[in-house]
Amino acid sequence: MTGESDVLVIGGGIAGASAAYHLAQLGRRVTLLERGEIASGASGVNAGQIDSIGWGDKPDLQAHLTAGSLEIFKTVQLDLGEDIEFRQSGALQAIHTEDQADFERERVRALRERGHQVELLGNREVRGLEPQWSERLLGAMYSPQRSQADPRKATRAFATLAARLGARVLTAREVTALAPRAGGGWLASTSGGDEAGGSLVLAAGAWCGPLGARLGLDVPIVPVRGQMWATTPVAPSVFQTMSSAESALAWHRDPGSEPPFLTSRKGARLTRHLYGRQRRDGEIIFGGDRDLAGWSATPDPAGIDVNRGHALEVLPFLAALPIVKTWAGLMPFPRDGKPLIGRIPLRPDLWIVGGLASSGFGRGPMAGKLLADFLHSGRPAAVLAEADPARCVVERPLTCHSPEDPCA
């Protein structure tokens with residue numbers, strides 16, 4: 001036995017690192033186990049966008065996760081001295097067609113009625129914020145609270161802060177077995193020795209499903225491939241974070257299911273999706289596809305071409321900038337579209353913070369805090385009712401043999 005803690009957290013992504021930090025802040029003895037390096041999964045390869053539109057008048061779970069995470073990011077950068085390249089830049093969602101304009105007009109009206117901070121801007125107003133914006137667009141939804149940060153630096157900052165408060169952050173520790181202990185608590189066998197803890201938190205992103213299968217549980221989180229591309233570094237040219245109303249309207253009409261909000265299904269394209277920004281180092285990065293590709297994290301060149309064409313419709317100057325690199329990652333999509341944050345009652349002292357889908361970076365800090373507060377106090381925040389894992393985690397045969405095994 002190499003160590004014993006109050007809580008074992010499996011997964012060194014943004015949600016796991018935040019949970020470890022907030023548990024340590026509450027005085028708990030925490031060990032975080034990560035099979036690679038901190039932020040080596042989806043938390044380190046995403047766009048770094050933080051999609052908050054404010055708390056609103058009656059904050060629901062989405063408002064807590066987004067606005068709450070924004071406040072935590074600000075604290076990490078401004079109060080705790082960790083340079084995560086945080087900037088409250090604002091965001092623009094491009095409007096291409098009259099159908100999209102009607103949809104965004106109603107969306108802005110409904111959001112403002114609930115106290116959220118969004119505006120509908122005409123194209124001349126948008127070009128005052130983004131000089132490179134296409135003259136052919138009809139305008140944009142503007143969200144002044146939306147922000148950005150470097151995903152790898154931010155995730156590692158949470159792990160650093162957790163360690164500073166006494167948490168043990170162990171990397172290159174692949175979990176090979178999990179078992180409840182006779183006297184209570186959990187034992188994790190890892191590539192670097194056994195670790196024991198009173199409570200066990202699954203925070204392994206897309207790998208929560210295979211980890212749950214080791215325990216005889218069906219955790220309904222599936223891997224969805226997201227992919228991105230980057231230009232060579234250039235002078236400051238893109239000032240907000242970017243998206244498009246095309247996918248927002250498509251998913252409003254038909255979100256799909258098992259899981260919802262994909263761009264392709266069974267090889268057929270459903271919609272185009274777009275997000276991007278300019279990093280501090282000058283790279284302009286964009287992405288958007290959400291594909292069921294099993295455990296493959298290899299980019300699809302055809303999808304990159306579609307995404308680049310979409311980006312050119314918003315920022316035509318990108319046509320002169322070659323793509324210098326592409327990459328992909330596996331996002332944890334819940335089959336029913338809702339996060340899993342809380343206790344799994346089918347096993348003693350088993351918890352999960354996962355299923356944050358494509359916006360895990362922007363929602364992970366608050367998801368980790370909500371989980372930590374619940375585990376520590378025994379009382380869940382009221383907004384966690386819709387994220388209760390008891391709604392969807394069920395028993396299943398023990399058939400999984402490796403972390404990548406989908407346990408079919």
# chains A, B, ... in the order shown; residues from 1 in each chain; ligands from 1
>>> residues_around(residues="segment 150-157 of chain A", least_positions_apart="5", cutoff="6 Å", atoms="only C-alpha atoms", output="ChimeraX atom specification")
/A:14,38-39,44,48,84-85
>>> closest_residue(among="A:Asp99, A:Glu119, A:Glu34, A:Asp57", to="Pro144 of chain A", atoms="only C-alpha atoms")
A:Glu119
>>> closest_residue(among="A:Ser199, A:Thr97, A:Arg114, A:Phe333", to="Val219 of chain A", atoms="only C-alpha atoms")
A:Phe333
>>> residues_around(residues="segment 226-237 of chain A", least_positions_apart="5", cutoff="8 Å", atoms="only C-alpha atoms", output="PyMOL selection string")
chain A and resi 46-47+132+278+281-291+299-300+304+321-331+358
>>> residues_around(residues="Ala179 of chain A", least_positions_apart="4", cutoff="12 Å", atoms="only C-alpha atoms", output="PyMOL selection string")
chain A and resi 175+183-190+194-200+211-212+214-216+347-350
>>> residues_around(residues="Ala162 of chain A", least_positions_apart="4", cutoff="6 Å", atoms="only C-alpha atoms", output="PyMOL selection string")
chain A and resi 20-21+167
>>> residues_around(residues="Ala140 of chain A", least_positions_apart="5", cutoff="9 Å", atoms="only C-alpha atoms", output="PyMOL selection string")
chain A and resi 92-96+101+104+119-123+126+244-245
>>> write_last_selection(atoms="C-alpha atoms", output="short mmCIF file (atom, residue, chain, number, x, y, z; two decimals), in the first residue's frame")
data_model
loop_
_atom_site.label_atom_id
_atom_site.label_comp_id
_atom_site.auth_asym_id
_atom_site.auth_seq_id
_atom_site.Cartn_x
_atom_site.Cartn_y
_atom_site.Cartn_z
CA LEU A 92 -20.02 36.44 -31.25
CA GLN A 93 -22.37 33.87 -32.76
CA ALA A 94 -22.59 34.49 -36.51
CA ILE A 95 -25.96 34.77 -38.29
CA HIS A 96 -25.83 33.56 -41.92
CA ALA A 101 -31.85 35.63 -37.70
CA GLU A 104 -31.52 34.26 -32.72
CA GLU A 119 -27.52 41.22 -27.36
CA LEU A 120 -28.49 40.99 -31.02
CA LEU A 121 -26.12 43.08 -33.13
CA GLY A 122 -26.36 44.16 -36.74
CA ASN A 123 -23.42 43.45 -39.00
CA VAL A 126 -20.27 43.47 -35.20
CA SER A 244 -22.20 30.12 -35.62
CA ALA A 245 -25.98 29.98 -35.34
#
>>> atom_distance(atom1="atom CA of Ala159 of chain A", atom2="atom CA of Ala19 of chain A")
9.5 Å
>>> select_by_dssp(residues="segment 90-241 of chain A", states="strand (DSSP E)", output="count of residues only")
53
>>> closest_atom_pairs(of="segment 142-220 of chain A", to="segment 59-73 of chain A", cutoff="9 Å", atoms="only C-alpha atoms", output="Markdown table")
| residue | atom | partner | partner_atom | distance |
| --- | --- | --- | --- | --- |
| A:Gln145 | CA | A:Leu70 | CA | 8.5 |
| A:Arg146 | CA | A:Leu70 | CA | 8.3 |
| A:Ser147 | CA | A:Leu70 | CA | 7.7 |
| A:Ala149 | CA | A:Phe73 | CA | 8.4 |
| A:Ala154 | CA | A:Phe73 | CA | 8.0 |
>>> select_by_dssp(residues="segment 10-238 of chain A", states="alpha helix (DSSP H)", output="count of residues only")
70
>>> closest_residue(among="A:Thr160, A:Ser89, A:Ser191, A:Ser264", to="Val238 of chain A", atoms="only C-alpha atoms")
A:Ser89
>>> closest_residue(among="A:Gly90, A:Gly11, A:Gly378, A:Pro389", to="Leu202 of chain A", atoms="only C-alpha atoms")
A:Gly11
>>> residues_around(residues="Arg272 of chain A", least_positions_apart="3", cutoff="12 Å", atoms="only C-alpha atoms", output="number ranges by chain")
A: 243-251, 261-264, 268-269, 275, 287-291, 303-311
>>> write_last_selection(atoms="C-alpha atoms", output="compact mmCIF listing (two decimals), in the first residue's frame")
# COMPACT_ATOMS: atom_id res chain seq x y z
CA SER A 243 -19.37 30.43 -33.11
CA SER A 244 -22.20 30.12 -35.62
CA ALA A 245 -25.98 29.98 -35.34
CA GLU A 246 -26.17 27.16 -37.90
CA SER A 247 -25.77 24.27 -35.46
CA ALA A 248 -27.70 26.05 -32.70
CA LEU A 249 -30.75 26.25 -34.99
CA ALA A 250 -30.30 22.69 -36.28
CA TRP A 251 -30.14 21.22 -32.75
CA PHE A 261 -26.01 17.30 -30.38
CA LEU A 262 -23.81 15.53 -32.94
CA THR A 263 -22.70 16.92 -36.30
CA SER A 264 -22.66 13.52 -38.02
CA ALA A 268 -24.20 11.36 -42.68
CA ARG A 269 -23.61 15.04 -41.88
CA TYR A 275 -16.10 27.54 -32.53
CA GLY A 287 -13.04 23.31 -34.60
CA GLY A 288 -16.54 21.94 -34.55
CA ASP A 289 -17.18 18.34 -35.56
CA ARG A 290 -18.77 15.91 -33.08
CA ASP A 291 -18.55 12.36 -34.41
CA GLY A 303 -14.35 17.23 -41.51
CA ILE A 304 -11.47 19.70 -41.15
CA ASP A 305 -12.16 20.98 -44.69
CA VAL A 306 -15.85 21.46 -43.91
CA ASN A 307 -15.03 23.31 -40.71
CA ARG A 308 -12.48 25.56 -42.40
CA GLY A 309 -15.04 26.47 -45.06
CA HIS A 310 -17.49 27.38 -42.31
CA ALA A 311 -14.87 29.56 -40.61
